[in-house]
$ cat upload10.cif   # mmCIF, C-alpha atoms
data_query
#
loop_
_atom_site.label_atom_id
_atom_site.label_comp_id
_atom_site.auth_asym_id
_atom_site.auth_seq_id
_atom_site.Cartn_x
_atom_site.Cartn_y
_atom_site.Cartn_z
CA MET A 1 86.81 114.79 76.14
CA ILE A 2 89.20 114.90 79.07
CA VAL A 3 88.04 113.78 82.52
CA THR A 4 89.32 116.23 85.12
CA ILE A 5 90.14 114.37 88.34
CA LEU A 6 90.22 116.50 91.49
CA ASP A 7 93.46 115.71 93.26
CA TYR A 8 93.08 117.13 96.75
CA GLY A 9 96.16 115.43 98.18
CA ALA A 10 94.66 112.27 99.60
CA GLY A 11 92.72 109.36 98.28
CA ASN A 12 92.65 106.93 95.46
CA VAL A 13 93.62 109.17 92.56
CA PRO A 14 96.23 106.85 90.96
CA SER A 15 93.90 103.85 90.88
CA VAL A 16 91.11 105.95 89.35
CA GLU A 17 93.59 107.20 86.74
CA ARG A 18 94.66 103.65 85.91
CA ALA A 19 91.05 102.49 85.64
CA LEU A 20 90.26 105.31 83.17
CA GLN A 21 93.47 104.58 81.25
CA ARG A 22 92.43 100.94 80.84
CA LEU A 23 89.21 102.22 79.23
CA GLY A 24 91.20 104.41 76.84
CA ALA A 25 89.97 107.67 78.42
CA GLU A 26 92.10 110.78 78.76
CA SER A 27 92.30 112.27 82.22
CA LEU A 28 93.95 115.20 83.96
CA ARG A 29 94.61 115.25 87.68
CA THR A 30 94.54 118.72 89.09
CA SER A 31 94.09 120.89 92.13
CA SER A 32 93.82 124.09 90.09
CA PRO A 33 90.54 126.07 90.38
CA GLU A 34 90.88 127.17 86.71
CA HIS A 35 91.14 123.59 85.42
CA ILE A 36 88.02 122.71 87.39
CA SER A 37 86.07 125.70 86.07
CA ASN A 38 86.98 124.74 82.49
CA ALA A 39 86.45 120.98 82.80
CA ASP A 40 84.43 118.91 80.25
CA ALA A 41 83.75 116.28 82.90
CA LEU A 42 84.65 116.11 86.60
CA LEU A 43 85.53 113.20 88.80
CA LEU A 44 85.93 113.50 92.58
CA PRO A 45 87.51 110.38 94.06
CA GLY A 46 87.72 110.14 97.80
CA VAL A 47 88.79 107.84 100.51
CA GLY A 48 89.60 108.44 104.17
CA HIS A 49 88.15 111.07 106.47
CA TYR A 50 85.33 113.43 105.45
CA ALA A 51 87.06 116.33 107.20
CA ALA A 52 90.25 115.86 105.16
CA LEU A 53 88.30 116.19 101.90
CA VAL A 54 86.22 119.21 102.96
CA ARG A 55 89.24 121.05 104.43
CA ALA A 56 91.32 120.35 101.32
CA LEU A 57 88.56 121.66 99.02
CA ASP A 58 88.42 124.88 101.06
CA GLU A 59 92.18 125.33 101.51
CA LYS A 60 92.84 124.81 97.81
CA LYS A 61 89.88 127.10 96.96
CA LEU A 62 88.19 124.37 94.94
CA ARG A 63 84.73 124.53 96.53
CA ALA A 64 83.34 127.47 94.49
CA PRO A 65 84.64 126.33 91.08
CA LEU A 66 83.46 122.77 91.74
CA VAL A 67 79.95 123.79 92.84
CA GLY A 68 79.81 126.32 89.98
CA ALA A 69 80.76 123.73 87.34
CA ILE A 70 78.26 121.17 88.67
CA GLN A 71 75.49 123.81 88.75
CA ARG A 72 76.29 124.73 85.13
CA GLY A 73 75.63 121.12 84.16
CA VAL A 74 79.16 119.72 83.76
CA PRO A 75 78.93 115.90 84.03
CA PHE A 76 80.16 114.90 87.49
CA LEU A 77 81.06 111.56 89.07
CA GLY A 78 81.71 111.33 92.81
CA ILE A 79 83.26 108.21 94.34
CA CYS A 80 82.86 107.20 98.01
CA LEU A 81 83.60 110.45 99.94
CA GLY A 82 82.93 112.15 96.61
CA LEU A 83 79.31 111.01 97.04
CA GLN A 84 79.08 111.92 100.72
CA VAL A 85 80.37 115.47 100.25
CA LEU A 86 77.46 116.29 97.89
CA PHE A 87 75.07 116.37 100.87
CA ASN A 88 74.65 119.15 103.46
CA SER A 89 76.91 117.63 106.11
CA SER A 90 78.21 114.40 107.65
CA GLU A 91 78.14 113.00 111.16
CA GLU A 92 81.84 112.17 110.67
CA ALA A 93 82.65 115.91 111.00
CA ALA A 94 79.39 117.61 111.95
CA GLN A 95 80.93 121.07 112.26
CA LEU A 96 81.89 121.17 108.57
CA GLN A 97 79.64 121.98 105.63
CA GLY A 98 79.31 119.74 102.62
CA LEU A 99 78.76 120.99 99.07
CA LYS A 100 74.98 121.14 99.69
CA LEU A 101 74.17 120.06 96.13
CA LEU A 102 71.83 117.35 97.45
CA PRO A 103 69.48 117.71 100.44
CA GLY A 104 70.06 115.53 103.48
CA THR A 105 72.98 114.44 105.60
CA VAL A 106 75.46 111.56 105.85
CA SER A 107 75.26 109.34 108.95
CA ALA A 108 77.22 106.56 110.61
CA LEU A 109 76.21 103.01 109.65
CA PRO A 110 74.66 101.15 112.62
CA SER A 111 77.05 99.57 115.11
CA ASN A 112 75.31 96.16 115.15
CA VAL A 113 77.36 95.14 112.09
CA LYS A 114 81.12 95.05 111.50
CA LEU A 115 82.51 98.40 110.46
CA PRO A 116 83.96 99.56 108.15
CA HIS A 117 81.52 98.03 105.65
CA MET A 118 84.42 96.46 103.78
CA GLY A 119 84.20 94.18 100.81
CA TRP A 120 81.94 93.20 97.94
CA ASN A 121 78.20 93.83 98.13
CA GLN A 122 75.26 93.89 95.75
CA LEU A 123 72.82 96.62 94.78
CA LYS A 124 69.05 97.00 94.89
CA LYS A 125 67.90 98.96 91.87
CA LYS A 126 65.22 101.59 92.59
CA ARG A 127 64.75 102.96 89.09
CA GLU A 128 66.29 103.06 85.64
CA SER A 129 69.94 104.01 85.77
CA SER A 130 72.35 105.14 83.07
CA LEU A 131 75.38 104.33 85.23
CA LEU A 132 74.20 100.75 85.71
CA ALA A 133 73.29 100.14 82.04
CA GLY A 134 74.37 96.66 80.94
CA ILE A 135 75.40 95.60 84.47
CA GLY A 136 73.67 92.45 85.72
CA ALA A 137 71.35 92.61 88.74
CA GLY A 138 73.60 90.28 90.75
CA ALA A 139 76.81 92.25 90.20
CA TYR A 140 79.05 92.95 93.20
CA PHE A 141 80.90 96.20 93.91
CA TYR A 142 83.70 96.92 96.37
CA PHE A 143 82.78 99.09 99.38
CA ALA A 144 85.03 100.50 102.13
CA HIS A 145 83.20 103.02 104.36
CA SER A 146 81.63 103.53 107.79
CA TYR A 147 79.32 106.46 106.89
CA ALA A 148 76.58 106.65 104.28
CA ALA A 149 73.60 108.62 103.00
CA LEU A 150 70.79 106.73 104.73
CA ASP A 151 68.06 108.95 103.36
CA SER A 152 69.06 110.39 100.02
CA ASN A 153 65.61 111.98 99.38
CA ASN A 154 65.00 109.97 96.21
CA ALA A 155 68.31 110.91 94.60
CA SER A 156 69.35 107.21 94.69
CA VAL A 157 68.83 104.97 91.70
CA ALA A 158 70.21 102.02 93.67
CA THR A 159 70.82 101.22 97.31
CA SER A 160 72.91 98.66 99.14
CA SER A 161 72.58 97.34 102.65
CA HIS A 162 74.87 96.77 105.62
CA GLY A 163 72.98 96.98 108.90
CA THR A 164 70.67 99.40 107.12
CA GLU A 165 69.84 100.48 103.58
CA PHE A 166 71.87 103.36 102.15
CA ALA A 167 72.42 105.23 98.88
CA ALA A 168 74.82 103.27 96.65
CA VAL A 169 74.25 104.98 93.27
CA ILE A 170 72.99 108.53 92.81
CA GLU A 171 71.89 110.12 89.57
CA GLN A 172 70.29 113.53 89.46
CA LYS A 173 70.64 115.41 86.18
CA ASN A 174 74.42 115.79 85.66
CA ILE A 175 75.27 114.63 89.18
CA HIS A 176 76.42 110.99 89.38
CA ALA A 177 77.87 109.40 92.49
CA VAL A 178 78.62 105.96 93.88
CA GLN A 179 79.37 104.91 97.46
CA PHE A 180 81.51 101.96 96.30
CA HIS A 181 84.82 102.06 94.42
CA PRO A 182 84.25 101.32 90.71
CA GLU A 183 88.02 101.58 90.15
CA LYS A 184 88.43 98.56 92.47
CA SER A 185 85.30 96.65 91.42
CA GLY A 186 86.62 94.45 88.63
CA GLU A 187 84.63 94.23 85.39
CA ALA A 188 81.38 95.60 86.84
CA GLY A 189 83.24 98.69 88.03
CA ALA A 190 84.93 99.16 84.66
CA ARG A 191 81.55 98.97 82.94
CA LEU A 192 80.13 101.64 85.28
CA LEU A 193 83.07 103.98 84.56
CA GLN A 194 82.59 103.36 80.86
CA ASN A 195 78.91 104.28 81.23
CA PHE A 196 79.93 107.55 82.89
CA LEU A 197 82.35 108.30 80.02
CA ARG A 198 79.53 107.70 77.53
CA ILE A 199 77.14 109.96 79.49
CA ALA A 200 79.78 112.68 79.72
CA ALA A 201 80.87 112.54 76.06
CA MET B 1 71.80 90.70 99.53
CA SER B 2 74.69 90.83 101.96
CA LEU B 3 78.41 91.27 102.12
CA ALA B 4 80.27 88.47 100.34
CA HIS B 5 82.97 86.48 102.11
CA ARG B 6 86.28 87.41 100.54
CA ILE B 7 89.00 85.14 99.16
CA ILE B 8 92.39 86.83 99.30
CA PRO B 9 95.55 85.38 97.75
CA CYS B 10 98.74 86.54 99.44
CA LEU B 11 102.10 87.09 97.80
CA ASP B 12 104.93 86.80 100.32
CA THR B 13 107.91 88.37 98.58
CA ASP B 14 111.58 88.90 99.27
CA GLY B 15 111.03 92.31 97.68
CA GLU B 16 110.80 91.19 94.08
CA ARG B 17 110.11 87.41 93.92
CA VAL B 18 107.29 85.48 95.56
CA VAL B 19 108.63 83.05 98.18
CA LYS B 20 107.05 80.46 100.41
CA GLY B 21 108.18 78.73 103.59
CA VAL B 22 106.73 76.52 106.32
CA ASN B 23 106.23 78.12 109.75
CA PHE B 24 108.02 81.21 108.48
CA VAL B 25 111.26 79.30 107.64
CA GLY B 26 112.78 77.38 104.69
CA LEU B 27 111.84 79.82 101.94
CA ARG B 28 111.65 78.75 98.31
CA ASP B 29 110.90 80.66 95.12
CA ALA B 30 107.25 80.58 94.04
CA GLY B 31 107.15 82.92 91.08
CA ASP B 32 106.80 86.39 89.63
CA PRO B 33 104.45 88.67 91.62
CA VAL B 34 103.07 90.51 88.59
CA ALA B 35 102.24 87.29 86.73
CA LEU B 36 100.55 85.80 89.81
CA ALA B 37 98.63 89.01 90.56
CA THR B 38 97.34 89.15 86.99
CA ARG B 39 96.19 85.55 87.17
CA TYR B 40 94.40 86.00 90.52
CA ASN B 41 92.73 89.20 89.32
CA SER B 42 91.23 87.37 86.35
CA GLU B 43 90.35 84.25 88.37
CA GLY B 44 88.06 86.23 90.67
CA ALA B 45 90.21 87.04 93.72
CA ASP B 46 88.44 89.63 95.87
CA GLU B 47 91.61 91.41 96.98
CA LEU B 48 95.34 90.84 96.92
CA VAL B 49 97.91 91.13 99.70
CA VAL B 50 101.60 91.66 98.92
CA LEU B 51 104.06 91.36 101.78
CA ASP B 52 107.77 92.04 101.94
CA ILE B 53 108.78 89.32 104.36
CA ALA B 54 112.49 90.14 104.11
CA ALA B 55 111.69 93.79 104.86
CA SER B 56 115.30 94.88 104.63
CA ARG B 57 115.93 98.60 104.27
CA ASP B 58 118.15 98.36 101.18
CA ARG B 59 115.61 96.29 99.27
CA ARG B 60 112.69 98.65 100.01
CA PRO B 61 112.89 100.49 96.63
CA THR B 62 112.63 97.09 94.89
CA PHE B 63 109.51 96.25 96.92
CA LEU B 64 107.91 99.63 96.09
CA GLU B 65 108.57 98.94 92.41
CA THR B 66 106.89 95.52 92.81
CA ILE B 67 103.82 97.23 94.35
CA ARG B 68 103.74 99.70 91.46
CA GLN B 69 103.83 96.92 88.87
CA VAL B 70 101.25 94.79 90.68
CA ALA B 71 98.88 97.75 91.22
CA ALA B 72 99.00 98.58 87.53
CA GLU B 73 97.53 95.13 86.72
CA LEU B 74 94.79 95.06 89.35
CA ALA B 75 91.12 96.09 89.25
CA ILE B 76 90.66 94.88 92.85
CA PRO B 77 91.97 96.26 96.16
CA LEU B 78 95.63 95.84 97.04
CA THR B 79 97.05 95.62 100.56
CA ALA B 80 100.80 95.96 101.05
CA GLY B 81 103.13 95.75 104.00
CA GLY B 82 106.01 94.06 105.72
CA GLY B 83 108.51 96.18 107.58
CA ILE B 84 106.23 99.25 107.87
CA ARG B 85 107.71 101.13 110.85
CA THR B 86 106.73 104.76 110.29
CA LEU B 87 104.02 106.93 108.76
CA ASP B 88 106.47 107.65 105.93
CA ASP B 89 106.84 103.91 105.21
CA GLY B 90 103.04 103.75 104.98
CA ARG B 91 102.88 106.77 102.70
CA ALA B 92 105.44 105.18 100.38
CA VAL B 93 103.39 101.99 99.83
CA VAL B 94 100.14 103.96 99.38
CA ARG B 95 101.85 106.24 96.84
CA ALA B 96 103.13 103.16 95.05
CA GLY B 97 99.50 102.06 94.58
CA ALA B 98 98.40 100.12 97.68
CA ASP B 99 94.86 100.77 98.92
CA LYS B 100 95.62 99.48 102.41
CA VAL B 101 98.73 99.23 104.55
CA THR B 102 99.40 96.36 106.89
CA VAL B 103 101.42 96.82 110.08
CA ASN B 104 102.63 94.21 112.54
CA THR B 105 105.73 94.31 114.80
CA ALA B 106 106.18 98.09 114.73
CA ALA B 107 102.56 98.58 115.84
CA VAL B 108 103.06 96.22 118.79
CA GLU B 109 106.09 98.26 119.84
CA ARG B 110 104.43 101.62 119.17
CA PRO B 111 100.61 101.43 118.82
CA ALA B 112 100.44 105.15 117.93
CA LEU B 113 101.64 104.10 114.47
CA ILE B 114 98.12 102.72 113.90
CA SER B 115 96.52 106.08 114.81
CA GLU B 116 98.93 108.01 112.61
CA LEU B 117 98.15 105.86 109.57
CA SER B 118 94.43 105.83 110.35
CA ARG B 119 94.26 109.62 110.63
CA GLU B 120 96.01 110.07 107.30
CA PHE B 121 94.38 107.35 105.20
CA GLY B 122 91.22 106.41 107.12
CA ALA B 123 90.63 103.29 109.22
CA GLN B 124 89.58 101.33 106.12
CA ALA B 125 93.18 101.59 104.90
CA VAL B 126 94.86 100.27 108.05
CA VAL B 127 95.14 96.50 108.43
CA LEU B 128 96.65 95.25 111.66
CA ALA B 129 98.44 91.94 111.11
CA ILE B 130 98.52 89.72 114.20
CA ASP B 131 100.61 86.55 114.26
CA ALA B 132 99.12 84.49 117.08
CA LYS B 133 100.36 81.31 118.72
CA ARG B 134 98.53 79.13 121.23
CA SER B 135 100.01 79.36 124.72
CA GLY B 136 98.06 77.42 127.35
CA ASP B 137 94.54 78.83 127.60
CA HIS B 138 95.13 81.87 125.39
CA TRP B 139 96.96 83.07 122.26
CA ASP B 140 100.21 85.02 122.38
CA VAL B 141 101.06 87.79 119.92
CA MET B 142 104.25 86.86 118.05
CA VAL B 143 106.52 89.44 116.40
CA ARG B 144 109.55 89.53 114.07
CA GLY B 145 108.10 87.17 111.51
CA GLY B 146 106.45 84.93 114.10
CA ARG B 147 109.71 84.11 115.88
CA GLU B 148 109.43 86.07 119.16
CA SER B 149 106.65 86.32 121.68
CA ALA B 150 105.52 89.86 122.50
CA SER B 151 104.12 88.51 125.81
CA ARG B 152 100.75 89.98 124.98
CA ASP B 153 97.30 88.42 124.69
CA ALA B 154 96.11 88.34 121.05
CA LEU B 155 92.45 89.14 121.87
CA GLU B 156 93.41 92.05 124.07
CA TRP B 157 95.79 93.41 121.43
CA ALA B 158 93.14 93.09 118.71
CA ARG B 159 90.65 95.13 120.78
CA LEU B 160 93.26 97.76 121.62
CA ALA B 161 94.40 98.07 117.99
CA VAL B 162 90.82 98.72 116.87
CA ALA B 163 90.56 101.46 119.49
CA TYR B 164 93.77 102.95 118.01
CA GLY B 165 92.15 103.01 114.56
CA ALA B 166 92.78 99.71 112.78
CA GLY B 167 89.98 99.04 110.28
CA GLU B 168 90.67 95.35 109.74
CA ILE B 169 92.63 92.50 111.28
CA LEU B 170 94.74 90.04 109.33
CA LEU B 171 95.02 87.16 111.74
CA THR B 172 97.66 84.49 111.10
CA SER B 173 97.89 81.34 113.15
CA VAL B 174 101.60 80.68 113.60
CA ASP B 175 100.70 77.11 114.69
CA ARG B 176 98.90 76.43 111.40
CA ASP B 177 100.87 78.55 108.93
CA GLY B 178 102.37 76.40 106.18
CA THR B 179 101.02 73.15 107.64
CA GLN B 180 98.00 72.87 105.29
CA SER B 181 96.04 71.33 108.20
CA GLY B 182 93.23 73.90 108.05
CA PHE B 183 92.62 77.38 109.45
CA ASP B 184 92.61 77.87 113.23
CA VAL B 185 88.85 78.02 113.78
CA ALA B 186 88.97 78.60 117.55
CA LEU B 187 91.47 81.47 117.30
CA THR B 188 89.63 83.16 114.44
CA ALA B 189 86.20 82.88 116.06
CA ALA B 190 87.55 84.29 119.32
CA VAL B 191 89.18 87.31 117.67
CA SER B 192 86.26 87.89 115.28
CA ARG B 193 83.85 88.03 118.22
CA ALA B 194 86.18 90.26 120.25
CA VAL B 195 86.35 93.08 117.71
CA THR B 196 83.95 95.25 115.69
CA VAL B 197 86.05 95.25 112.49
CA PRO B 198 86.37 92.59 109.76
CA VAL B 199 88.80 89.72 110.37
CA ILE B 200 90.84 87.99 107.66
CA ALA B 201 91.82 84.43 108.65
CA SER B 202 95.23 83.20 107.53
CA GLY B 203 97.46 80.17 107.94
CA GLY B 204 96.85 76.50 107.26
CA ALA B 205 94.50 76.48 104.26
CA LYS B 206 94.55 73.51 101.93
CA SER B 207 91.14 72.11 100.98
CA PRO B 208 87.95 73.97 99.99
CA GLU B 209 86.41 72.39 103.10
CA HIS B 210 88.83 74.43 105.25
CA PHE B 211 87.33 77.61 103.77
CA VAL B 212 83.74 76.51 104.45
CA GLU B 213 84.77 75.81 108.04
CA ILE B 214 86.49 79.16 108.64
CA PHE B 215 83.52 81.14 107.29
CA GLN B 216 80.76 79.08 108.93
CA GLU B 217 82.40 78.20 112.26
CA GLY B 218 85.32 80.63 112.48
CA ALA B 219 83.21 83.77 111.84
CA ALA B 220 85.87 85.01 109.40
CA ASP B 221 84.94 87.85 107.06
CA ALA B 222 87.70 86.93 104.62
CA ALA B 223 90.21 84.11 104.19
CA LEU B 224 93.75 84.42 102.96
CA ALA B 225 96.02 81.78 101.47
CA ALA B 226 99.23 81.67 99.50
CA SER B 227 100.83 78.42 98.43
CA ILE B 228 97.68 76.52 97.45
CA PHE B 229 96.90 79.24 94.92
CA HIS B 230 100.51 79.72 93.68
CA ASP B 231 100.96 76.02 92.96
CA SER B 232 97.66 75.99 91.03
CA ALA B 233 96.62 73.25 93.46
CA GLN B 234 93.43 75.24 93.96
CA SER B 235 91.86 77.63 91.46
CA ILE B 236 90.05 80.58 93.02
CA ARG B 237 87.14 80.18 90.65
CA ALA B 238 86.60 76.52 91.60
CA LEU B 239 86.96 77.36 95.29
CA LYS B 240 84.26 80.03 95.05
CA GLU B 241 81.92 77.70 93.19
CA PHE B 242 82.44 75.12 95.94
CA LEU B 243 81.68 77.71 98.64
CA ALA B 244 78.55 78.96 96.86
CA ALA B 245 77.27 75.38 96.57
CA ARG B 246 77.80 75.01 100.32
CA GLY B 247 75.74 78.11 101.05
CA VAL B 248 78.62 80.54 101.70
CA GLU B 249 77.93 83.90 100.07
CA VAL B 250 80.77 84.72 97.66
CA ARG B 251 81.22 86.94 94.64
CA LEU B 252 81.26 84.62 91.66
CA PRO B 253 83.23 85.98 88.73
CA CYS B 254 81.13 86.54 85.63
#
$ encode --input "upload10.cif" --output "structure tokens"
Amino acid sequence: MIVTILDYGAGNVPSVERALQRLGAESLRTSSPEHISNADALLLPGVGHYAALVRALDEKKLRAPLVGAIQRGVPFLGICLGLQVLFNSSEEAAQLQGLKLLPGTVSALPSNVKLPHMGWNQLKKKRESSLLAGIGAGAYFYFAHSYAALDSNNASVATSSHGTEFAAVIEQKNIHAVQFHPEKSGEAGARLLQNFLRIAA
Amino acid sequence: MSLAHRIIPCLDTDGERVVKGVNFVGLRDAGDPVALATRYNSEGADELVVLDIAASRDRRPTFLETIRQVAAELAIPLTAGGGIRTLDDGRAVVRAGADKVTVNTAAVERPALISELSREFGAQAVVLAIDAKRSGDHWDVMVRGGRESASRDALEWARLAVAYGAGEILLTSVDRDGTQSGFDVALTAAVSRAVTVPVIASGGAKSPEHFVEIFQEGAADAALAASIFHDSAQSIRALKEFLAARGVEVRLPC
């Protein structure tokens, strides 16, 4: 199995590649619609502005093949913005449309706490999770974001909290997504990526 | 469940070797950046900062190669900077593997640099470094490696930089840097309360007690140190265990 990493011209692609390499996984970074349509497993990393991701997906004509592959059941992992873009839209760029694969919207975290939510935080598990298998309840993951899915309509298997509770881990059929950066989250992050590789195999 | 206070080792380099000086002068060799980065990563460091303190144009390719090698060893976030003057400089360190870029003197001279980097990489990737020095009843922003005053109030500059798009502030006390007499609690608390973004305290760390103080009284979100970690005078693991025992929330390595 080869993990196809969507390279839309921004973001944390090299560190995701290195993290997969350390786990012995084969990956291909691409911005080709054909590669995405034919992928065994898809990974959408993302960091920065929501608008940059959505515009890049549309300009590079990746939206239709990506949505098509996910709807056909191809195992998918979204990271950070790659989680947020699954919803209908985001307050960060309200005029743009998300992938609309999950109901609900992405909102700004409350301004009574320091933003961005930057650093290591823990999770609150809501139900059984394949991505979190073998990861201790007290494990920390690295977050760097100012927007989040505050109401993920039960798609979350785990939440985290910074000013308010938000979706940290999403699992719905073949759709997997995390608000934190597993590629930057030490051993716990490596274990989560390994779990995704096992699910996708 | 809340955000852990971060411990961040810093590698000041001349491009390819780690160096250390007191009050920004009298540099001496302190080791190989890749070996130190690997050690800190496994000891439970929460992030790593790599700075090119020489920041000379002709050594820039060497520094980018150092970032590449360090990034390859890390499973934690990496911040890089020193001599970042343009958006292209920022792009080069991000492409080499840094997750965040730190800017200092060039941003004081041209604050739009912060907006340019923030628009391209997101605010979470832009760390404004402020070198501050006590001057009467306030703190002055110092530039060019802490040697020259920018005749600007540090609190005011911190607020302005956040408005321009900085997502984090790396605050170094020029008075304390290299002295090992403890972090500047008053400076850090003042800046931390003045801005809405996380603040990393830097300069003056020696004992674990200094870290307790900067988190509990200085309102720091993270604390950065260099020489105490390089010399193995203080292991990161032992420091975090000390902090946890004192009621400071930290991420303990498994």
$ closest_atom_pairs --input "upload10.cif" --of "chain A" --to "chain B" --cutoff "9 Å" --atoms "only C-alpha atoms" --output "CSV"
residue,atom,partner,partner_atom,distance
A:Ala10,CA,B:Phe121,CA,7.5
A:Gly11,CA,B:Phe121,CA,7.4
A:Asn12,CA,B:Asp99,CA,7.4
A:Pro14,CA,B:Gly97,CA,6.8
A:Ser15,CA,B:Gly97,CA,6.9
A:Arg18,CA,B:Ala72,CA,6.9
A:Ala19,CA,B:Ala75,CA,7.3
A:Val47,CA,B:Gly122,CA,7.2
A:Gly48,CA,B:Gly122,CA,3.9
A:His49,CA,B:Gly122,CA,5.6
A:Ala52,CA,B:Glu120,CA,8.4
A:Ser111,CA,B:Thr196,CA,8.2
A:Asn112,CA,B:Thr196,CA,8.7
A:Val113,CA,B:Thr196,CA,7.5
A:Lys114,CA,B:Val197,CA,5.0
A:Leu115,CA,B:Val197,CA,5.2
A:Pro116,CA,B:Gln124,CA,6.2
A:His117,CA,B:Leu3,CA,8.2
A:Met118,CA,B:Pro198,CA,7.4
A:Gly119,CA,B:Leu3,CA,6.6
A:Trp120,CA,B:Ala4,CA,5.6
A:Asn121,CA,B:Leu3,CA,4.7
A:Gln122,CA,B:Met1,CA,6.0
A:Leu123,CA,B:Met1,CA,7.7
A:Lys124,CA,B:Met1,CA,8.3
A:Gly138,CA,B:Met1,CA,9.0
A:Ala139,CA,B:Arg251,CA,8.2
A:Tyr140,CA,B:Arg251,CA,6.6
A:Tyr142,CA,B:Ile76,CA,8.1
A:Ala144,CA,B:Gln124,CA,6.1
A:His145,CA,B:Gln124,CA,6.8
A:Ser146,CA,B:Gln124,CA,8.4
A:Ser160,CA,B:Met1,CA,8.0
A:Ser161,CA,B:Ser2,CA,6.9
A:His162,CA,B:Ser2,CA,7.0
A:Pro182,CA,B:Ala75,CA,8.8
A:Glu183,CA,B:Ala75,CA,6.4
A:Lys184,CA,B:Ile76,CA,4.3
A:Ser185,CA,B:Ile76,CA,5.8
A:Gly186,CA,B:Ala75,CA,4.8
A:Glu187,CA,B:Ala75,CA,7.8
A:Gly189,CA,B:Ala75,CA,8.4
A:Ala190,CA,B:Ala75,CA,8.3
$ closest_residue --input "upload10.cif" --among "A:Ile70, A:Ala51, A:Val16, A:Ala41" --to "A:Phe196" --atoms "all atoms listed in the file"
A:Ala41
$ atom_distance --input "upload10.cif" --atom1 "atom CA of B:Ile200" --atom2 "atom CA of A:Gly82"
27.7 Å
$ residues_around --input "upload10.cif" --residues "A:Lys100" --least-positions-apart "6" --cutoff "8 Å" --atoms "only C-alpha atoms" --output "ChimeraX atom specification"
/A:85-89
$ residues_around --input "upload10.cif" --residues "B:Leu128" --least-positions-apart "3" --cutoff "8 Å" --atoms "all atoms listed in the file" --output "NGL selection string"
:B and (102-104 or 107 or 114 or 161 or 166-170)
$ resolve_selection --input "upload10.cif" --expression "the PyMOL selection byres ((chain A and resi 66) around 9)" --output "list in words"
Pro33, Ile36, Ser37, Leu42, Leu57, Leu62, Arg63, Ala64, Pro65, Val67, Gly68, Ala69, Ile70, Gln71 and Leu99 of chain A
$ residues_near_point --input "upload10.cif" --point "(107.9, 93.4, 107.1)" --cutoff "12 Å" --atoms "only C-alpha atoms" --output "VMD selection string"
chain B and resid 12 to 15 50 to 57 59 to 60 63 80 to 86 89 to 90 101 to 107 129 143 to 146
$ closest_residue --input "upload10.cif" --among "A:Pro103, A:Ala188, A:Leu131, A:Lys173" --to "A:Ala149" --atoms "only C-alpha atoms"
A:Pro103
$ atom_distance --input "upload10.cif" --atom1 "atom CA of B:Gly31" --atom2 "atom CA of B:Arg17"
6.1 Å
$ resolve_selection --input "upload10.cif" --expression "the PyMOL selection byres ((chain B and resi 236) around 9)" --output "list in words"
Ile7, Pro9, Tyr40, Glu43, Gly44, Ala45, Phe229, Gln234, Ser235, Arg237, Ala238, Leu239, Lys240 and Glu241 of chain B
$ closest_residue --input "upload10.cif" --among "B:Gln216, B:Asp231, B:Ala225, B:Met142" --to "B:Arg246" --atoms "only C-alpha atoms"
B:Gln216
$ atom_distance --input "upload10.cif" --atom1 "atom CA of A:Leu28" --atom2 "atom CA of A:Phe141"
25.1 Å
$ resolve_selection --input "upload10.cif" --expression "the PyMOL selection byres ((chain B and resi 204) around 6)" --output "PyMOL selection string"
chain B and resi 176-183+203+205
$ residues_around --input "upload10.cif" --residues "A:Ala177" --least-positions-apart "6" --cutoff "6 Å" --atoms "all atoms listed in the file" --output "number ranges by chain"
A: 77-79, 83, 169-170
$ closest_residue --input "upload10.cif" --among "A:Lys126, A:Cys80, A:Ile175, A:Pro45" --to "A:Ala158" --atoms "all atoms listed in the file"
A:Lys126
$ residues_near_point --input "upload10.cif" --point "(91.1, 82.0, 110.8)" --cutoff "6 Å" --atoms "only C-alpha atoms" --output "list in words"
Phe183, Asp184, Val185, Thr188, Ala201, Ser202 and Ile214 of chain B
$ closest_residue --input "upload10.cif" --among "B:Arg152, B:Arg134, B:Arg193, B:Arg159" --to "B:Asp175" --atoms "all atoms listed in the file"
B:Arg134
$ closest_residue --input "upload10.cif" --among "A:Ala155, A:Ile2, A:Lys125, A:Phe143" --to "A:His35" --atoms "only C-alpha atoms"
A:Ile2
